[in-house]
Every structure is written in C-alpha cells, then in structure tokens.
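Have a look at my_file-v2.cif; it's mmCIF, C-alpha atoms:
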```cif
data_run
loop_
_atom_site.group_PDB
_atom_site.id
_atom_site.type_symbol
_atom_site.label_atom_id
_atom_site.label_comp_id
_atom_site.auth_asym_id
_atom_site.auth_seq_id
_atom_site.Cartn_x
_atom_site.Cartn_y
_atom_site.Cartn_z
ATOM 1 C CA MET A 882 15.620 -3.988 -2.856
ATOM 2 C CA ASP A 883 15.542 -4.391 0.935
ATOM 3 C CA TYR A 884 12.259 -2.512 1.108
ATOM 4 C CA LEU A 885 10.221 -4.113 -1.690
ATOM 5 C CA ASN A 886 8.273 -6.205 0.818
ATOM 6 C CA PHE A 887 8.079 -3.460 3.434
ATOM 7 C CA TYR A 888 4.272 -3.253 3.146
ATOM 8 C CA SER A 889 3.553 -6.832 2.043
ATOM 9 C CA LEU A 890 2.113 -9.436 4.391
ATOM 10 C CA GLU A 891 2.757 -13.048 3.470
ATOM 11 C CA LYS A 892 -0.348 -15.171 3.983
ATOM 12 C CA ASN A 893 0.014 -18.402 5.921
ATOM 13 C CA ARG A 894 -1.703 -21.661 5.052
ATOM 14 C CA SER A 895 -4.345 -21.351 7.756
ATOM 15 C CA THR A 896 -5.482 -17.802 6.886
ATOM 16 C CA ASN A 897 -8.632 -18.752 4.958
ATOM 17 C CA GLU A 898 -9.560 -21.403 7.504
ATOM 18 C CA ILE A 899 -9.334 -18.884 10.355
ATOM 19 C CA LYS A 900 -11.307 -16.258 8.432
ATOM 20 C CA ALA A 901 -14.174 -18.754 8.345
ATOM 21 C CA TYR A 902 -14.240 -19.167 12.156
ATOM 22 C CA SER A 903 -17.213 -17.730 13.993
ATOM 23 C CA ALA A 904 -16.359 -14.588 15.974
ATOM 24 C CA LYS A 905 -16.958 -16.557 19.179
ATOM 25 C CA LYS A 906 -14.485 -19.255 18.169
ATOM 26 C CA LEU A 907 -11.884 -16.750 16.984
ATOM 27 C CA LEU A 908 -11.921 -14.868 20.292
ATOM 28 C CA ASN A 909 -11.821 -17.955 22.529
ATOM 29 C CA LEU A 910 -8.815 -19.894 21.241
ATOM 30 C CA ASN A 911 -6.533 -21.619 23.696
ATOM 31 C CA ASN A 912 -2.838 -20.761 24.099
ATOM 32 C CA VAL A 913 -3.201 -17.709 21.860
ATOM 33 C CA THR A 914 -2.019 -14.128 22.360
ATOM 34 C CA TYR A 915 -4.278 -11.516 20.761
ATOM 35 C CA ASN A 916 -2.608 -8.332 19.480
ATOM 36 C CA PHE A 917 -4.879 -5.382 18.681
ATOM 37 C CA LEU A 918 -4.402 -2.644 16.074
ATOM 38 C CA PHE A 919 -6.672 0.353 16.784
ATOM 39 C CA ILE A 920 -7.610 2.698 13.929
ATOM 40 C CA TYR A 921 -9.796 5.769 14.287
ATOM 41 C CA GLU A 922 -10.701 8.195 11.499
ATOM 42 C CA ASN A 923 -7.958 6.853 9.219
ATOM 43 C CA LYS A 924 -5.322 7.223 11.928
ATOM 44 C CA VAL A 925 -3.401 4.570 13.813
ATOM 45 C CA ILE A 926 -3.534 4.735 17.600
ATOM 46 C CA THR A 927 -0.131 4.146 19.190
ATOM 47 C CA LYS A 928 1.371 4.134 22.665
ATOM 48 C CA GLU A 929 5.102 4.788 23.040
ATOM 49 C CA LYS A 930 5.333 4.524 19.213
ATOM 50 C CA HIS A 931 3.976 0.975 19.257
ATOM 51 C CA PRO A 932 0.741 0.188 17.363
ATOM 52 C CA PHE A 933 0.145 -3.210 19.026
ATOM 53 C CA PHE A 934 0.230 -1.974 22.602
ATOM 54 C CA ILE A 935 -2.644 -4.206 23.763
ATOM 55 C CA LYS A 936 -1.717 -7.882 24.036
ATOM 56 C CA THR A 937 -3.863 -10.340 25.895
ATOM 57 C CA LYS A 938 -4.650 -14.039 26.163
ATOM 58 C CA LYS A 939 -8.236 -13.320 27.186
ATOM 59 C CA VAL A 940 -10.319 -10.826 25.198
ATOM 60 C CA SER A 941 -12.273 -8.607 27.575
ATOM 61 C CA ALA A 942 -15.945 -7.734 27.182
ATOM 62 C CA ASP A 943 -15.002 -4.141 26.306
ATOM 63 C CA LEU A 944 -12.923 -5.347 23.366
ATOM 64 C CA ARG A 945 -15.512 -7.908 22.233
ATOM 65 C CA ASN A 946 -18.086 -5.123 21.880
ATOM 66 C CA LEU A 947 -15.906 -3.277 19.348
ATOM 67 C CA SER A 948 -15.682 -3.866 15.598
ATOM 68 C CA LEU A 949 -12.984 -6.552 15.288
ATOM 69 C CA SER A 950 -11.479 -8.087 12.148
ATOM 70 C CA TYR A 951 -8.877 -10.795 11.670
ATOM 71 C CA ILE A 952 -5.649 -9.617 10.004
ATOM 72 C CA THR A 953 -3.380 -12.663 10.279
ATOM 73 C CA ASN A 954 -1.527 -14.848 12.743
ATOM 74 C CA PHE A 955 2.078 -15.913 13.172
ATOM 75 C CA GLY A 956 1.876 -19.132 15.112
ATOM 76 C CA ASN A 957 0.028 -18.404 18.356
ATOM 77 C CA ASN A 958 0.181 -14.621 17.909
ATOM 78 C CA PHE A 959 -3.111 -13.423 16.403
ATOM 79 C CA TYR A 960 -3.431 -9.879 15.030
ATOM 80 C CA LEU A 961 -6.817 -8.182 15.012
ATOM 81 C CA LEU A 962 -7.985 -4.857 13.584
ATOM 82 C CA CYS A 963 -10.192 -2.775 15.873
ATOM 83 C CA SER A 964 -12.106 -0.025 14.034
ATOM 84 C CA LEU A 965 -13.133 2.678 16.490
ATOM 85 C CA LYS A 966 -15.993 5.162 16.385
ATOM 86 C CA ASP A 967 -16.487 8.406 18.349
ATOM 87 C CA GLN A 968 -18.453 6.699 21.120
ATOM 88 C CA ASP A 969 -15.690 4.110 21.526
ATOM 89 C CA ILE A 970 -12.999 6.756 22.007
ATOM 90 C CA ASN A 971 -14.948 8.461 24.777
ATOM 91 C CA ARG A 972 -15.486 5.349 26.887
ATOM 92 C CA ILE A 973 -12.233 3.360 26.622
ATOM 93 C CA SER A 974 -9.906 4.409 29.415
ATOM 94 C CA PHE A 975 -6.716 2.750 28.118
ATOM 95 C CA LEU A 976 -6.717 5.077 25.080
ATOM 96 C CA GLU A 977 -6.202 8.217 27.201
ATOM 97 C CA SER A 978 -2.411 8.356 26.894
ATOM 98 C CA CYS A 979 -2.271 7.264 23.259
ATOM 99 C CA VAL A 980 -1.137 9.176 20.190
ATOM 100 C CA LEU A 981 -2.900 9.319 16.822
ATOM 101 C CA LEU A 982 -0.596 8.951 13.791
ATOM 102 C CA ASN A 983 -1.471 9.232 10.132
ATOM 103 C CA ILE A 984 -0.762 6.033 8.250
ATOM 104 C CA LYS A 985 2.499 7.208 6.671
ATOM 105 C CA GLU A 986 3.907 8.357 10.008
ATOM 106 C CA ALA A 987 2.899 5.089 11.606
ATOM 107 C CA LEU A 988 4.366 2.874 8.894
ATOM 108 C CA LEU A 989 7.646 4.685 8.360
ATOM 109 C CA SER A 990 8.469 4.568 12.074
ATOM 110 C CA LEU A 991 8.195 0.767 12.217
ATOM 111 C CA LYS A 992 10.311 -2.250 11.388
ATOM 112 C CA GLN A 993 9.149 -4.354 8.451
ATOM 113 C CA GLU A 994 7.407 -7.011 10.570
ATOM 114 C CA TYR A 995 5.064 -4.462 12.134
ATOM 115 C CA ALA A 996 4.849 -2.272 9.024
ATOM 116 C CA SER A 997 3.443 -5.229 7.096
ATOM 117 C CA LEU A 998 0.838 -5.876 9.796
ATOM 118 C CA VAL A 999 -0.211 -2.228 10.062
ATOM 119 C CA SER A 1000 -0.321 -1.991 6.269
ATOM 120 C CA ALA A 1001 -2.629 -5.012 6.074
ATOM 121 C CA GLY A 1002 -4.835 -3.740 8.892
ATOM 122 C CA TYR A 1003 -5.104 -0.238 7.436
ATOM 123 C CA SER A 1004 -5.905 -1.582 3.958
ATOM 124 C CA LEU A 1005 -8.679 -3.728 5.423
ATOM 125 C CA TYR A 1006 -10.004 -0.795 7.459
ATOM 126 C CA ARG A 1007 -10.038 1.491 4.418
ATOM 127 C CA TRP A 1008 -11.789 -1.090 2.256
ATOM 128 C CA GLN A 1009 -14.449 -1.754 4.919
ATOM 129 C CA ASN A 1010 -15.220 1.962 5.236
ATOM 130 C CA ASN A 1011 -15.523 2.322 1.470
ATOM 131 C CA ASN A 1012 -18.023 -0.543 1.277
ATOM 132 C CA LEU A 1013 -20.658 0.270 3.858
ATOM 133 C CA TYR A 1014 -23.366 -0.045 1.193
ATOM 134 C CA CYS A 1015 -24.016 -2.611 -1.526
ATOM 135 C CA SER A 1016 -22.774 -1.585 -4.968
ATOM 136 C CA ARG A 1017 -25.663 -3.487 -6.597
ATOM 137 C CA CYS A 1018 -28.759 -2.361 -4.667
ATOM 138 C CA GLY A 1019 -27.562 0.309 -2.210
ATOM 139 C CA SER A 1020 -28.575 -1.556 0.952
ATOM 140 C CA LYS A 1021 -26.307 -1.668 3.981
ATOM 141 C CA THR A 1022 -23.655 -4.355 4.144
ATOM 142 C CA ARG A 1023 -22.448 -6.458 7.066
ATOM 143 C CA HIS A 1024 -19.018 -7.931 7.683
ATOM 144 C CA ASP A 1025 -18.420 -11.603 7.014
ATOM 145 C CA GLU A 1026 -15.356 -13.860 7.345
ATOM 146 C CA ASN A 1027 -14.243 -11.900 10.412
ATOM 147 C CA GLY A 1028 -14.160 -8.615 8.519
ATOM 148 C CA ASN A 1029 -12.531 -9.946 5.343
ATOM 149 C CA SER A 1030 -15.626 -9.739 3.154
ATOM 150 C CA THR A 1031 -18.928 -7.863 3.111
ATOM 151 C CA VAL A 1032 -22.420 -9.210 2.392
ATOM 152 C CA CYS A 1033 -25.482 -7.185 1.396
ATOM 153 C CA THR A 1034 -28.116 -7.298 4.154
ATOM 154 C CA LYS A 1035 -30.994 -7.333 1.655
ATOM 155 C CA ASN A 1036 -32.111 -10.957 1.364
ATOM 156 C CA LYS A 1037 -33.046 -10.731 -2.311
ATOM 157 C CA CYS A 1038 -29.590 -9.369 -3.121
ATOM 158 C CA GLY A 1039 -26.996 -10.891 -0.793
ATOM 159 C CA LYS A 1040 -24.088 -9.652 -2.922
ATOM 160 C CA LYS A 1041 -20.715 -10.596 -1.453
ATOM 161 C CA ASN A 1042 -17.584 -8.479 -1.905
ATOM 162 C CA PHE A 1043 -13.927 -9.029 -1.122
ATOM 163 C CA PRO A 1044 -11.113 -6.493 -0.640
ATOM 164 C CA LEU A 1045 -9.876 -5.061 -3.926
ATOM 165 C CA VAL A 1046 -6.353 -4.413 -5.128
ATOM 166 C CA TYR A 1047 -5.752 -2.029 -8.034
ATOM 167 C CA PRO A 1048 -2.987 -3.077 -10.470
ATOM 168 C CA THR A 1049 -0.730 -0.139 -11.301
ATOM 169 C CA ILE A 1050 2.373 -0.032 -13.479
ATOM 170 C CA ILE A 1051 5.577 1.861 -12.719
ATOM 171 C CA VAL A 1052 8.460 1.913 -15.164
ATOM 172 C CA ASN A 1053 12.118 2.799 -15.638
ATOM 173 C CA ILE A 1054 12.426 4.299 -19.127
ATOM 174 C CA THR A 1055 15.931 4.310 -20.580
ATOM 175 C CA TYR A 1056 17.680 5.670 -23.652
ATOM 176 C CA LYS A 1057 21.311 4.691 -24.174
ATOM 177 C CA ASN A 1058 22.958 5.526 -20.798
ATOM 178 C CA MET A 1059 20.165 7.774 -19.499
ATOM 179 C CA ILE A 1060 16.988 7.282 -17.500
ATOM 180 C CA LEU A 1061 13.821 9.369 -17.681
ATOM 181 C CA LEU A 1062 12.494 10.779 -14.411
ATOM 182 C CA ALA A 1063 9.419 12.980 -14.024
ATOM 183 C CA ARG A 1064 7.509 14.938 -11.410
ATOM 184 C CA ASN A 1065 3.815 15.549 -10.835
ATOM 185 C CA ILE A 1066 2.238 18.923 -10.250
ATOM 186 C CA GLY A 1067 2.089 19.620 -6.521
ATOM 187 C CA TRP A 1068 5.091 17.504 -5.545
ATOM 188 C CA LYS A 1069 7.693 19.106 -3.321
ATOM 189 C CA LYS A 1070 10.510 20.923 -5.102
ATOM 190 C CA ASN A 1071 13.093 18.774 -6.939
ATOM 191 C CA LEU A 1072 11.283 15.464 -6.277
ATOM 192 C CA TYR A 1073 11.446 13.189 -9.330
ATOM 193 C CA SER A 1074 10.341 9.604 -9.826
ATOM 194 C CA CYS A 1075 9.454 6.976 -12.437
ATOM 195 C CA LEU A 1076 6.315 7.226 -14.548
ATOM 196 C CA ALA A 1077 3.344 5.270 -13.221
ATOM 197 C CA GLY A 1078 -0.350 4.753 -13.929
ATOM 198 C CA PHE A 1079 -3.351 2.497 -13.460
ATOM 199 C CA CYS A 1080 -4.000 -0.521 -15.633
ATOM 200 C CA GLU A 1081 -7.297 -0.098 -17.467
ATOM 201 C CA GLN A 1082 -9.944 -2.725 -18.062
ATOM 202 C CA ASN A 1083 -9.054 -5.296 -20.741
ATOM 203 C CA GLU A 1084 -5.435 -4.102 -20.762
ATOM 204 C CA SER A 1085 -2.297 -6.086 -20.012
ATOM 205 C CA ALA A 1086 0.306 -4.570 -17.696
ATOM 206 C CA GLU A 1087 2.768 -4.313 -20.615
ATOM 207 C CA ASP A 1088 0.206 -2.470 -22.742
ATOM 208 C CA ALA A 1089 -0.507 -0.157 -19.798
ATOM 209 C CA VAL A 1090 3.214 0.699 -19.666
ATOM 210 C CA ARG A 1091 3.267 1.612 -23.363
ATOM 211 C CA ARG A 1092 0.034 3.626 -23.159
ATOM 212 C CA GLU A 1093 0.915 5.576 -20.011
ATOM 213 C CA VAL A 1094 4.374 6.501 -21.281
ATOM 214 C CA TYR A 1095 3.057 7.660 -24.648
ATOM 215 C CA GLU A 1096 0.226 9.635 -22.989
ATOM 216 C CA GLU A 1097 2.522 11.378 -20.509
ATOM 217 C CA VAL A 1098 5.753 11.999 -22.436
ATOM 218 C CA GLY A 1099 5.020 11.012 -26.054
ATOM 219 C CA LEU A 1100 7.617 8.230 -26.220
ATOM 220 C CA ASN A 1101 7.286 4.836 -27.918
ATOM 221 C CA LEU A 1102 8.855 1.863 -26.162
ATOM 222 C CA GLU A 1103 10.475 -1.424 -26.984
ATOM 223 C CA LYS A 1104 11.810 -4.189 -24.716
ATOM 224 C CA VAL A 1105 9.190 -3.806 -21.980
ATOM 225 C CA ASN A 1106 10.281 -6.219 -19.236
ATOM 226 C CA TYR A 1107 8.708 -6.987 -15.865
ATOM 227 C CA LYS A 1108 11.043 -6.717 -12.834
ATOM 228 C CA TYR A 1109 9.199 -7.001 -9.502
ATOM 229 C CA SER A 1110 6.145 -5.807 -7.588
ATOM 230 C CA GLN A 1111 5.192 -4.024 -4.366
ATOM 231 C CA PHE A 1112 1.920 -3.556 -2.517
ATOM 232 C CA TRP A 1113 1.211 0.116 -1.774
ATOM 233 C CA PRO A 1114 -1.209 0.390 1.175
ATOM 234 C CA PHE A 1115 -2.154 4.066 0.995
ATOM 235 C CA THR A 1116 -4.294 3.482 -2.105
ATOM 236 C CA SER A 1117 -4.419 -0.353 -2.219
ATOM 237 C CA ASN A 1118 -2.293 -0.517 -5.371
ATOM 238 C CA LEU A 1119 -0.291 -3.515 -6.483
ATOM 239 C CA MET A 1120 2.644 -1.731 -8.095
ATOM 240 C CA LEU A 1121 4.020 -3.750 -11.025
ATOM 241 C CA GLY A 1122 7.578 -2.628 -11.732
ATOM 242 C CA PHE A 1123 8.941 -2.629 -15.292
ATOM 243 C CA GLU A 1124 11.935 -1.448 -17.242
ATOM 244 C CA ALA A 1125 11.645 -0.384 -20.878
ATOM 245 C CA ARG A 1126 13.773 1.100 -23.610
ATOM 246 C CA VAL A 1127 12.798 3.932 -25.943
ATOM 247 C CA VAL A 1128 12.573 3.045 -29.634
ATOM 248 C CA SER A 1129 15.995 3.798 -31.154
ATOM 249 C CA GLU A 1130 16.869 7.485 -31.739
ATOM 250 C CA LYS A 1131 13.356 8.724 -30.864
ATOM 251 C CA ASN A 1132 13.906 10.187 -27.416
ATOM 252 C CA THR A 1133 12.313 13.650 -27.705
ATOM 253 C CA ILE A 1134 10.053 14.222 -24.704
ATOM 254 C CA LYS A 1135 6.601 15.720 -25.342
ATOM 255 C CA ILE A 1136 5.172 16.504 -21.915
ATOM 256 C CA ASN A 1137 1.434 16.214 -21.388
ATOM 257 C CA LYS A 1138 0.883 19.059 -18.920
ATOM 258 C CA ASN A 1139 -2.454 17.550 -17.879
ATOM 259 C CA GLU A 1140 -0.550 14.538 -16.580
ATOM 260 C CA ILE A 1141 2.852 15.705 -15.302
ATOM 261 C CA ASP A 1142 4.818 18.877 -14.558
ATOM 262 C CA LYS A 1143 8.318 18.045 -15.829
ATOM 263 C CA ALA A 1144 10.271 15.126 -17.293
ATOM 264 C CA LYS A 1145 14.014 14.936 -17.994
ATOM 265 C CA TRP A 1146 16.744 12.519 -19.056
ATOM 266 C CA PHE A 1147 19.425 11.906 -16.407
ATOM 267 C CA SER A 1148 22.696 9.988 -16.436
ATOM 268 C CA SER A 1149 23.589 7.948 -13.339
ATOM 269 C CA LYS A 1150 26.384 10.416 -12.581
ATOM 270 C CA GLU A 1151 23.948 13.353 -12.709
ATOM 271 C CA ILE A 1152 21.530 11.597 -10.363
ATOM 272 C CA VAL A 1153 24.253 10.926 -7.798
ATOM 273 C CA GLU A 1154 25.707 14.449 -7.976
ATOM 274 C CA LEU A 1155 22.374 16.287 -7.983
ATOM 275 C CA SER A 1156 21.086 14.136 -5.118
ATOM 276 C CA ARG A 1157 24.108 15.100 -2.989
ATOM 277 C CA LYS A 1158 23.288 18.776 -3.529
ATOM 278 C CA ASN A 1159 19.546 18.257 -2.899
ATOM 279 C CA GLU A 1160 18.917 19.556 -6.392
ATOM 280 C CA LEU A 1161 17.279 16.216 -7.129
ATOM 281 C CA ILE A 1162 15.201 14.310 -4.570
ATOM 282 C CA LEU A 1163 14.456 10.650 -5.167
ATOM 283 C CA PRO A 1164 11.419 8.768 -3.780
ATOM 284 C CA LYS A 1165 11.643 7.374 -0.251
ATOM 285 C CA LYS A 1166 13.599 4.142 0.106
ATOM 286 C CA GLU A 1167 10.382 2.247 0.973
ATOM 287 C CA ALA A 1168 8.899 2.956 -2.495
ATOM 288 C CA ILE A 1169 9.328 0.599 -5.442
ATOM 289 C CA ALA A 1170 10.353 3.606 -7.559
ATOM 290 C CA ARG A 1171 13.483 4.007 -5.447
ATOM 291 C CA SER A 1172 14.410 0.342 -5.962
ATOM 292 C CA LEU A 1173 13.909 0.627 -9.725
ATOM 293 C CA ILE A 1174 16.077 3.751 -9.919
ATOM 294 C CA GLU A 1175 18.835 2.378 -7.687
ATOM 295 C CA ASP A 1176 18.933 -0.885 -9.664
ATOM 296 C CA TRP A 1177 19.532 1.110 -12.839
ATOM 297 C CA ILE A 1178 22.204 3.329 -11.207
ATOM 298 C CA TYR A 1179 24.044 0.243 -9.969
ATOM 299 C CA LYS A 1180 24.160 -1.194 -13.501
ATOM 300 C CA ASN A 1181 25.178 2.116 -15.107
#
```

Please rewrite the model in this file as structure tokens.
Amino acid sequence: MDYLNFYSLEKNRSTNEIKAYSAKKLLNLNNVTYNFLFIYENKVITKEKHPFFIKTKKVSADLRNLSLSYITNFGNNFYLLCSLKDQDINRISFLESCVLLNIKEALLSLKQEYASLVSAGYSLYRWQNNNLYCSRCGSKTRHDENGNSTVCTKNKCGKKNFPLVYPTIIVNITYKNMILLARNIGWKKNLYSCLAGFCEQNESAEDAVRREVYEEVGLNLEKVNYKYSQFWPFTSNLMLGFEARVVSEKNTIKINKNEIDKAKWFSSKEIVELSRKNELILPKKEAIARSLIEDWIYKN
C-alpha cells in the first residue's frame, strides 16, 4: 500500500493556469527556482544519481533554446521537462559528466517525491514523441500549453490533442482460501502476478475484468469489487485494481496459451513459503499487483 502513489503526481490548483502562460512569462517568474529534467532517446539524464541536477533562478539562453515543457510546481519550485536531440547533446557542456538511465532504473532509484516528478515528465515526453503528426490530416503538430497539448499546424485542421491515459484492469481472483496467479510468456523464471488487460471501447472496467479473466483462464466471476488504482508510467496506463471471486465450485483453469504461459491456484501459506525459496517471485513492491497480492495474504 505504501507504493500505490509511487508514480502518481498530485495536481495543484494552479496547474492549468500555469500551463496557459506564455513561454516568456513561464521562464521569467520572480522568486522561483526552476528544476530541469533532461530526457534523451527515452533515457533520463542524471548526475550523481539525481535527475534534477540543474536548479536555477534565472533560465540561461542555452536552456531557453531547448524544447521545454511544464511538469508541475510545488510552491516556488517549478519543474520543467527538457527534451534533448542529438545536436543538443553535442553542444551542452554541463552534460559531459552525466549518466543516461532507462526509465525503470531512474524511477526505482528515487524517493517517491522525485519518482512522481520523473514519471510525469517521462509520460509527457513519451506522449509528445508519439504525436509529432496530426492524427486527422497527417500534418506536423506544434506544442501548446507549455508542452501539455499539441495543435495541428495546418490552418484548415487545427486539431488539438491532450495526453492520453489508457484504462487497464488488474484483478485478484479468489476461490475459497486460494488466489490465482499467472505468468506471461517471456517473463523471468518463477515470476507470477495478477491477471490484467486493457479496457475496450464501450466497456466498463467491471465488464473488462470479467472478459479478460474468461479469455485468459476460462473462469466466470462473481462479486467483482473495485479496490484502488495506480498510474503506470512506462505505458501510460491507469491501472484499476479489483478483487473478484470465482462462481461457486467452478474453479477449473483453462489456459489460453495465446494470452498467458501458466496460471495456478495458491494458498497464502504457499506464497509465503515459495517466495522464501525463490520458487515464486512476486511483482516489485512498486507495482499495484504486489499491493493487491499482499492485501489478500494479510487477510488470509
């Protein structure tokens, strides 16, 4: 439970107002400290394991000439995303002693405060790079709202887009005093987790739970209850956590090999004992799946 908000960034009341500032106004505020997050080719640039190693009250000309986007602010501390290109890397001297980390390395080495900021910055960066062209007419887009939306540059089109989040369900499935855990093809040996899947168009989250579980393991559910959610930055998913019970006495698993590799019923005692021996590996503590599983173990 401690890690459910590990990647989530709470928005403050002034966020939308600040997004609407002109770039000139945003970069010339009084009594403000600007903190920069540099990302290059999907990797976070760090110095001494810190992603926000540039802090300044006055934004230099070199920084102003880069692609900057507003992430958020906590009081007078403003956090900006800086998306770098090849030509930027070659001419910025303060990047010489820096280290490039993939997003998982960067996030898992940070405390929650900074993990949330890096998560938000990376999600924005990823969305911007996936929306360089208009989905309606194919023309190039430009950033608006200090990087938090895109607008088609073709006057007759002008389509505006905002960052997307993809709703995804993840569920604890139980039968009597057992929980069902499964593994995908390609996962490391002995790693098991909860079943999960995308919500489809015109489908409620509860219906997505029932459909995904039936598709993957052939089980019908009753008592589908929502528990809590978590933002997952690596794929911009909003993970909606559920718990559900199998319809009485119908607990035979029918694995869909196109979807998953294995699925088994475990008691809480088996999970604890197998985990100690490394014969069962649970998801990382920062994942909502781990919270769902540990909640169930605690109650059973």

| query | If we count all atoms listed in the file, what is near Glu1167 of chain A at a cut-off of 7 Å, once residues fewer than 5 positions away on the same chain are taken out, given as a list in words? | reply |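 Listing them by chain and then by number gives Tyr884, Leu885 and Phe887 of chain A.
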
Pick out the residues sitting within 12 Å of segment 894-909 of chain A, and hand them over as an MDAnalysis selection string; count all atoms listed in the file, and ignore anything fewer than 4 positions along from it in its own chain.
chainID A and resid 890 913:917 937:942 944:957 959:961 1024:1030

Filtering to C-alpha atoms, could you give me those residues as an mmCIF file, in the frame of the given file?
```cif
data_model
loop_
_atom_site.group_PDB
_atom_site.id
_atom_site.type_symbol
_atom_site.label_atom_id
_atom_site.label_comp_id
_atom_site.auth_asym_id
_atom_site.auth_seq_id
_atom_site.Cartn_x
_atom_site.Cartn_y
_atom_site.Cartn_z
ATOM 1 C CA LEU A 890 2.113 -9.436 4.391
ATOM 2 C CA VAL A 913 -3.201 -17.709 21.860
ATOM 3 C CA THR A 914 -2.019 -14.128 22.360
ATOM 4 C CA TYR A 915 -4.278 -11.516 20.761
ATOM 5 C CA ASN A 916 -2.608 -8.332 19.480
ATOM 6 C CA PHE A 917 -4.879 -5.382 18.681
ATOM 7 C CA THR A 937 -3.863 -10.340 25.895
ATOM 8 C CA LYS A 938 -4.650 -14.039 26.163
ATOM 9 C CA LYS A 939 -8.236 -13.320 27.186
ATOM 10 C CA VAL A 940 -10.319 -10.826 25.198
ATOM 11 C CA SER A 941 -12.273 -8.607 27.575
ATOM 12 C CA ALA A 942 -15.945 -7.734 27.182
ATOM 13 C CA LEU A 944 -12.923 -5.347 23.366
ATOM 14 C CA ARG A 945 -15.512 -7.908 22.233
ATOM 15 C CA ASN A 946 -18.086 -5.123 21.880
ATOM 16 C CA LEU A 947 -15.906 -3.277 19.348
ATOM 17 C CA SER A 948 -15.682 -3.866 15.598
ATOM 18 C CA LEU A 949 -12.984 -6.552 15.288
ATOM 19 C CA SER A 950 -11.479 -8.087 12.148
ATOM 20 C CA TYR A 951 -8.877 -10.795 11.670
ATOM 21 C CA ILE A 952 -5.649 -9.617 10.004
ATOM 22 C CA THR A 953 -3.380 -12.663 10.279
ATOM 23 C CA ASN A 954 -1.527 -14.848 12.743
ATOM 24 C CA PHE A 955 2.078 -15.913 13.172
ATOM 25 C CA GLY A 956 1.876 -19.132 15.112
ATOM 26 C CA ASN A 957 0.028 -18.404 18.356
ATOM 27 C CA PHE A 959 -3.111 -13.423 16.403
ATOM 28 C CA TYR A 960 -3.431 -9.879 15.030
ATOM 29 C CA LEU A 961 -6.817 -8.182 15.012
ATOM 30 C CA HIS A 1024 -19.018 -7.931 7.683
ATOM 31 C CA ASP A 1025 -18.420 -11.603 7.014
ATOM 32 C CA GLU A 1026 -15.356 -13.860 7.345
ATOM 33 C CA ASN A 1027 -14.243 -11.900 10.412
ATOM 34 C CA GLY A 1028 -14.160 -8.615 8.519
ATOM 35 C CA ASN A 1029 -12.531 -9.946 5.343
ATOM 36 C CA SER A 1030 -15.626 -9.739 3.154
#
```

For the structure shown, which residues end up in the PyMOL selection byres ((chain A and resi 996) around 12)? Put them as a ChimeraX atom specification, please?
/A:884,886-890,918,925,931-933,984-995,997-1004,1112-1114,1167

task: Name the residues that the PyMOL selection byres ((chain A and resi 1119) around 7) pulls out of this structure, and write them as a list in words.
output: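 With the PyMOL selection byres ((chain A and resi 1119) around 7) on this model, the match is Val1046, Tyr1047, Pro1048, Thr1049, Ser1110, Gln1111, Phe1112, Trp1113, Ser1117, Asn1118, Met1120 and Leu1121 of chain A.
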
*asked:* Taking only C-alpha atoms into account, name the residue in A:Asn1058, A:Thr927, A:Gln1009, A:Asn1137 that is nearest to Leu981 of chain A.
replied: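 Among the listed residues, A:Thr927 lies closest to Leu981 of chain A.
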
So, with all atoms listed in the file as the atoms that count, which of A:Ile1060, A:Val1127, A:Ala1089, A:Ile1134 lies closest to Ile1174 of chain A?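 Using all atoms listed in the file, Ile1174 of chain A sits closest to A:Ile1060.
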
Give me the residues near Lys1035 of chain A as a ChimeraX atom specification, where near means some atom within 10 Å (using all atoms listed in the file) and where sequence neighbours in that chain fewer than 6 positions away do not count.
/A:1015,1018-1022

Could you give me, as a PDB file with C-alpha atoms, in the coordinates of the input, the residues within 12 Å of Arg972 of chain A, counting all atoms listed in the file and dropping anything in the same chain fewer than 3 positions from it?
```pdb
ATOM      1  CA  ASP A 943     -15.002  -4.141  26.306  1.00  0.00           C
ATOM      2  CA  LEU A 944     -12.923  -5.347  23.366  1.00  0.00           C
ATOM      3  CA  ASN A 946     -18.086  -5.123  21.880  1.00  0.00           C
ATOM      4  CA  LEU A 947     -15.906  -3.277  19.348  1.00  0.00           C
ATOM      5  CA  LEU A 965     -13.133   2.678  16.490  1.00  0.00           C
ATOM      6  CA  LYS A 966     -15.993   5.162  16.385  1.00  0.00           C
ATOM      7  CA  ASP A 967     -16.487   8.406  18.349  1.00  0.00           C
ATOM      8  CA  GLN A 968     -18.453   6.699  21.120  1.00  0.00           C
ATOM      9  CA  ASP A 969     -15.690   4.110  21.526  1.00  0.00           C
ATOM     10  CA  PHE A 975      -6.716   2.750  28.118  1.00  0.00           C
ATOM     11  CA  LEU A 976      -6.717   5.077  25.080  1.00  0.00           C
ATOM     12  CA  GLU A 977      -6.202   8.217  27.201  1.00  0.00           C
TER      13      GLU A 977
END
```

- Do you know which residues are at most 12 Å from Ile1152 of chain A counting only C-alpha atoms, after dropping those on the same chain fewer than 5 positions away, and could you put them as number ranges by chain? A: 1059-1062, 1071-1074, 1145-1147, 1157-1163, 1174-1175, 1177-1179, 1181

Show me the residues around (8.0, 14.3, -28.9) - criterion: an atom at most 10 Å away, only C-alpha atoms counted - as a PyMOL selection string.
chain A and resi 1095+1098-1101+1131-1136
